[in-house]
file run-v1.txt (compact mmCIF, C-alpha atoms)
# COMPACT_ATOMS: atom_id res chain seq x y z
CA GLY K 1182 96.18 88.98 116.26
CA GLU K 1183 93.79 90.55 113.78
CA ASN K 1184 93.99 89.59 110.10
CA VAL K 1185 92.25 91.68 107.45
CA GLU K 1186 91.83 90.49 103.89
CA GLN K 1187 90.82 92.84 101.10
CA HIS K 1188 89.56 92.18 97.57
CA PRO K 1189 90.03 92.94 94.79
CA SER K 1190 93.60 94.18 94.64
CA THR K 1191 92.86 96.16 91.48
CA LEU K 1192 89.57 97.46 90.16
CA SER K 1193 88.81 99.40 86.98
CA VAL K 1194 85.43 101.01 86.66
CA GLN K 1195 83.85 103.14 83.97
CA GLU K 1196 83.17 106.68 85.09
CA GLY K 1197 79.68 106.93 86.51
CA ASP K 1198 79.48 103.27 87.46
CA SER K 1199 79.70 101.89 91.00
CA ALA K 1200 82.73 100.36 92.70
CA VAL K 1201 82.64 97.83 95.53
CA ILE K 1202 85.57 96.76 97.67
CA LYS K 1203 85.23 93.98 100.22
CA CYS K 1204 87.10 93.12 103.39
CA THR K 1205 86.97 90.36 105.95
CA TYR K 1206 88.43 90.35 109.42
CA SER K 1207 89.26 87.61 111.87
CA ASP K 1208 88.99 89.10 115.38
CA SER K 1209 85.38 89.25 116.56
CA ALA K 1210 86.45 91.79 119.20
CA SER K 1211 87.26 94.40 116.54
CA ASN K 1212 84.76 97.21 116.90
CA TYR K 1213 85.68 99.97 114.48
CA PHE K 1214 86.18 99.76 110.73
CA PRO K 1215 87.55 102.75 108.82
CA TRP K 1216 88.18 103.10 105.11
CA TYR K 1217 91.06 105.18 103.81
CA LYS K 1218 91.93 106.66 100.46
CA GLN K 1219 95.62 107.09 99.78
CA GLU K 1220 97.18 108.95 96.90
CA LEU K 1221 100.77 108.31 95.91
CA GLY K 1222 103.25 109.54 98.49
CA LYS K 1223 100.58 110.92 100.80
CA ARG K 1224 99.05 109.94 104.09
CA PRO K 1225 95.87 107.87 104.23
CA GLN K 1226 92.73 109.98 104.33
CA LEU K 1227 89.69 108.73 106.19
CA ILE K 1228 86.72 108.65 103.86
CA ILE K 1229 84.16 106.79 105.95
CA ASP K 1230 84.04 104.61 109.03
CA ILE K 1231 81.58 102.36 110.79
CA ARG K 1232 81.35 101.06 114.33
CA SER K 1233 80.30 97.58 115.29
CA ASN K 1234 76.89 98.63 116.59
CA VAL K 1235 75.84 99.87 113.14
CA GLY K 1236 75.12 97.85 110.00
CA GLU K 1237 75.31 100.54 107.38
CA LYS K 1238 76.46 104.13 106.97
CA LYS K 1239 76.25 106.47 104.02
CA ASP K 1240 77.90 109.77 103.18
CA GLN K 1241 76.85 111.14 99.79
CA ARG K 1242 78.35 108.81 97.15
CA ILE K 1243 80.13 106.60 99.67
CA ALA K 1244 78.59 103.89 101.82
CA VAL K 1245 79.91 101.17 104.06
CA THR K 1246 78.14 98.02 105.20
CA LEU K 1247 79.12 95.74 108.07
CA ASN K 1248 78.09 92.16 108.71
CA LYS K 1249 79.41 91.29 112.16
CA THR K 1250 78.23 87.71 112.02
CA ALA K 1251 80.14 87.01 108.85
CA LYS K 1252 82.95 89.44 109.74
CA HIS K 1253 82.60 91.20 106.42
CA PHE K 1254 82.53 94.88 105.60
CA SER K 1255 82.34 96.59 102.24
CA LEU K 1256 82.89 99.99 100.67
CA HIS K 1257 80.50 101.16 97.99
CA ILE K 1258 81.22 104.16 95.79
CA THR K 1259 78.45 105.24 93.44
CA GLU K 1260 78.60 107.58 90.45
CA THR K 1261 82.37 107.25 90.32
CA GLN K 1262 84.46 110.16 89.13
CA PRO K 1263 88.07 110.36 87.86
CA GLU K 1264 89.17 111.88 91.17
CA ASP K 1265 88.08 108.69 92.92
CA SER K 1266 91.11 106.97 91.37
CA ALA K 1267 93.46 106.06 94.23
CA VAL K 1268 94.43 103.19 96.51
CA TYR K 1269 91.82 102.31 99.11
CA PHE K 1270 92.52 100.52 102.38
CA CYS K 1271 90.10 98.99 104.82
CA ALA K 1272 91.12 98.52 108.43
CA ALA K 1273 89.84 96.92 111.59
CA ASN K 1274 90.43 98.24 115.06
CA HIS K 1275 90.82 96.44 118.35
CA ASN K 1276 92.21 98.12 121.48
CA GLU K 1277 93.12 101.23 119.46
CA LYS K 1278 95.33 99.19 117.12
CA LEU K 1279 94.49 99.36 113.43
CA THR K 1280 95.16 96.41 111.15
CA PHE K 1281 95.02 97.35 107.49
CA GLY K 1282 93.89 95.37 104.51
CA THR K 1283 96.23 94.89 101.56
CA GLY K 1284 94.71 97.70 99.52
CA THR K 1285 92.74 98.10 96.31
CA ARG K 1286 93.97 100.20 93.43
CA LEU K 1287 90.86 101.77 91.95
CA THR K 1288 91.06 103.24 88.47
CA ILE K 1289 88.17 105.22 87.04
CA ILE K 1290 88.08 105.10 83.27
CA PRO K 1291 86.82 108.37 81.75
CA GLY R 1132 90.19 119.41 113.74
CA ALA R 1133 92.97 117.39 115.29
CA VAL R 1134 96.28 117.70 113.46
CA VAL R 1135 99.37 115.53 113.61
CA SER R 1136 102.56 117.08 112.29
CA GLN R 1137 105.38 114.81 111.11
CA HIS R 1138 108.90 115.88 110.18
CA PRO R 1139 110.90 115.59 108.07
CA SER R 1140 108.80 114.74 105.05
CA TRP R 1141 111.74 113.38 103.07
CA VAL R 1142 115.18 112.14 104.07
CA ILE R 1143 118.01 110.84 101.92
CA CYS R 1144 121.11 109.65 103.71
CA LYS R 1145 124.03 107.29 103.53
CA SER R 1146 123.99 103.76 104.82
CA GLY R 1147 124.98 103.58 108.49
CA THR R 1148 123.41 106.92 109.40
CA SER R 1149 120.82 107.24 112.14
CA VAL R 1150 117.67 109.15 111.24
CA LYS R 1151 115.18 110.71 113.64
CA ILE R 1152 111.55 111.31 112.70
CA GLU R 1153 109.28 113.49 114.82
CA CYS R 1154 105.55 113.23 115.28
CA ARG R 1155 103.67 115.99 117.08
CA SER R 1156 100.04 116.34 118.05
CA LEU R 1157 99.39 120.04 117.48
CA ASP R 1158 96.14 120.80 119.24
CA PHE R 1159 95.55 117.85 121.48
CA GLN R 1160 97.44 115.58 123.83
CA ALA R 1161 98.33 112.08 122.80
CA THR R 1162 99.38 109.60 125.45
CA THR R 1163 99.60 107.01 122.70
CA MET R 1164 100.96 107.30 119.19
CA PHE R 1165 101.47 104.67 116.54
CA TRP R 1166 104.27 104.19 114.03
CA TYR R 1167 103.63 102.48 110.71
CA ARG R 1168 105.86 101.50 107.84
CA GLN R 1169 104.70 101.23 104.26
CA PHE R 1170 106.83 99.70 101.52
CA PRO R 1171 106.05 100.62 97.88
CA LYS R 1172 102.74 99.20 96.68
CA GLN R 1173 102.10 97.58 100.03
CA SER R 1174 99.86 98.24 102.98
CA LEU R 1175 100.58 100.06 106.22
CA MET R 1176 102.10 97.80 108.82
CA LEU R 1177 102.09 98.76 112.47
CA MET R 1178 105.62 98.80 113.83
CA ALA R 1179 105.10 99.93 117.39
CA THR R 1180 102.89 101.73 119.86
CA SER R 1181 104.50 104.70 121.54
CA ASN R 1182 103.40 105.32 125.13
CA GLU R 1183 104.02 108.61 126.90
CA GLY R 1184 106.25 108.13 129.92
CA SER R 1185 106.83 104.42 129.38
CA LYS R 1186 108.42 101.99 126.97
CA ALA R 1187 107.08 101.51 123.50
CA THR R 1188 105.37 98.28 122.56
CA TYR R 1189 106.79 96.70 119.42
CA GLU R 1190 104.98 94.41 117.00
CA GLN R 1191 106.34 90.98 116.31
CA GLY R 1192 109.36 91.05 114.05
CA VAL R 1193 110.25 94.70 114.65
CA GLU R 1194 113.67 95.20 116.23
CA LYS R 1195 113.39 97.56 119.17
CA ASP R 1196 117.12 98.28 119.15
CA LYS R 1197 116.90 99.22 115.49
CA PHE R 1198 113.84 101.42 115.76
CA LEU R 1199 114.14 103.52 118.89
CA ILE R 1200 110.97 105.21 120.05
CA ASN R 1201 110.77 108.00 122.59
CA HIS R 1202 107.54 109.58 123.81
CA ALA R 1203 108.80 112.12 126.31
CA SER R 1204 105.80 114.47 126.30
CA LEU R 1205 102.08 114.37 125.66
CA THR R 1206 102.54 115.94 122.23
CA LEU R 1207 105.75 114.45 120.85
CA SER R 1208 106.89 110.99 119.83
CA THR R 1209 110.11 110.32 117.94
CA LEU R 1210 111.24 107.33 115.91
CA THR R 1211 114.97 106.90 115.36
CA VAL R 1212 116.10 104.45 112.71
CA THR R 1213 119.56 103.50 113.90
CA SER R 1214 122.38 102.53 111.52
CA ALA R 1215 119.98 102.65 108.60
CA HIS R 1216 120.55 100.41 105.60
CA PRO R 1217 118.95 100.39 102.13
CA GLU R 1218 116.39 97.81 103.24
CA ASP R 1219 115.09 100.36 105.77
CA SER R 1220 114.07 102.64 102.92
CA SER R 1221 110.33 103.06 103.25
CA PHE R 1222 107.47 105.45 103.99
CA TYR R 1223 107.10 105.91 107.75
CA ILE R 1224 103.82 107.32 109.09
CA CYS R 1225 102.77 108.17 112.62
CA SER R 1226 99.28 108.51 113.96
CA ALA R 1227 97.51 109.44 117.16
CA PRO R 1228 94.05 108.59 118.43
CA GLY R 1229 91.59 111.46 118.61
CA SER R 1230 91.29 113.76 121.56
CA LEU R 1231 88.85 111.45 123.28
CA GLY R 1232 91.34 108.60 123.04
CA ASN R 1233 89.08 106.98 120.50
CA GLN R 1234 88.97 106.51 116.79
CA PRO R 1235 89.45 107.80 114.21
CA GLN R 1236 93.20 108.04 114.23
CA HIS R 1237 94.87 111.16 112.90
CA PHE R 1238 97.81 110.52 110.60
CA GLY R 1239 100.90 112.57 110.02
CA ASP R 1240 101.95 113.33 106.45
CA GLY R 1241 104.58 110.61 106.49
CA THR R 1242 108.34 110.54 106.00
CA ARG R 1243 109.90 109.14 102.88
CA LEU R 1244 113.23 107.61 103.96
CA SER R 1245 115.76 106.70 101.28
CA ILE R 1246 119.03 105.09 102.32
CA LEU R 1247 121.77 105.09 99.73
call {"tool": "encode", "arguments": {"input": "run-v1.txt", "output": "structure tokens"}}
result
Amino acid sequence: GENVEQHPSTLSVQEGDSAVIKCTYSDSASNYFPWYKQELGKRPQLIIDIRSNVGEKKDQRIAVTLNKTAKHFSLHITETQPEDSAVYFCAANHNEKLTFGTGTRLTIIP
Amino acid sequence: GAVVSQHPSWVICKSGTSVKIECRSLDFQATTMFWYRQFPKQSLMLMATSNEGSKATYEQGVEKDKFLINHASLTLSTLTVTSAHPEDSSFYICSAPGSLGNQPQHFGDGTRLSIL
């Protein structure tokens, strides 16, 4: 089955700086890669996603890049704000099944 | 947009009790729904795929007799944790693919299950 690795597990960033979270996946058949933000006790919220036919996607301060050859995808958050503090999960999809990464706890230091 | 409603949001019960969690797609039909479990400070792990009108498909290591799944209609899937024990305490979340049967998935709000 699919295996998704995510790094780093924790990340502290000064407010206004950029944050980057990286994931790798194992199944070359995976074709959809969402990123979720999860606050304590709440459901994951989709913040951005990318499909396998696209290399990069941007939505305001958030961007995702995908390297299919290397099976890497990354989340980039620019101009970080305190409200960006949360746990972020990457995921890879194959046949509608999502496999999640282990999560990154992002802390924005005011 | 597509909404998935999950109830209850929080359950506390004694060991040995069976607990039922409901997951409803409110404005779309879902022939497939997914059930995840999330332990504290861990990731979401897929437990099973619920299929309308047929048996659920369980992931490796998940006991089907322990976690009963029923998907009797196109808008409702239920997960019953039978004879729950403290080690079953977790955050259970359901999801359903979008109306076109494609991603992204729409998640319920989750159920916090605490077994005393």
call {"tool": "atom_distance", "arguments": {"input": "run-v1.txt", "atom1": "atom CA of Ala1179 of chain R", "atom2": "atom CA of Gln1137 of chain R"}}
result
16.2 Å
call {"tool": "interface_residues", "arguments": {"input": "run-v1.txt", "of": "chain K", "to": "chain R", "cutoff": "7 Å", "atoms": "only C-alpha atoms", "output": "VMD selection string"}}
result
chain K and resid 1223 to 1224 1281 to 1284
call {"tool": "write_last_selection", "arguments": {"input": "run-v1.txt", "atoms": "C-alpha atoms", "output": "PDB file, in the coordinates of the input"}}
result
ATOM      1  CA  LYS K1223     100.580 110.920 100.800  1.00  0.00           C
ATOM      2  CA  ARG K1224      99.050 109.940 104.090  1.00  0.00           C
ATOM      3  CA  PHE K1281      95.020  97.350 107.490  1.00  0.00           C
ATOM      4  CA  GLY K1282      93.890  95.370 104.510  1.00  0.00           C
ATOM      5  CA  THR K1283      96.230  94.890 101.560  1.00  0.00           C
ATOM      6  CA  GLY K1284      94.710  97.700  99.520  1.00  0.00           C
TER       7      GLY K1284
END
call {"tool": "closest_residue", "arguments": {"input": "run-v1.txt", "among": "R:Gln1160, R:Gln1169, R:Ser1181, R:Thr1188", "to": "Thr1209 of chain R", "atoms": "all atoms listed in the file"}}
result
R:Ser1181
call {"tool": "closest_residue", "arguments": {"input": "run-v1.txt", "among": "R:Val1193, R:Leu1199, R:Val1135, R:Leu1244", "to": "Ser1220 of chain R", "atoms": "only C-alpha atoms"}}
result
R:Leu1244
call {"tool": "closest_residue", "arguments": {"input": "run-v1.txt", "among": "R:Ile1143, R:Leu1247, R:Leu1210, R:Leu1205", "to": "Ala1187 of chain R", "atoms": "all atoms listed in the file"}}
result
R:Leu1210
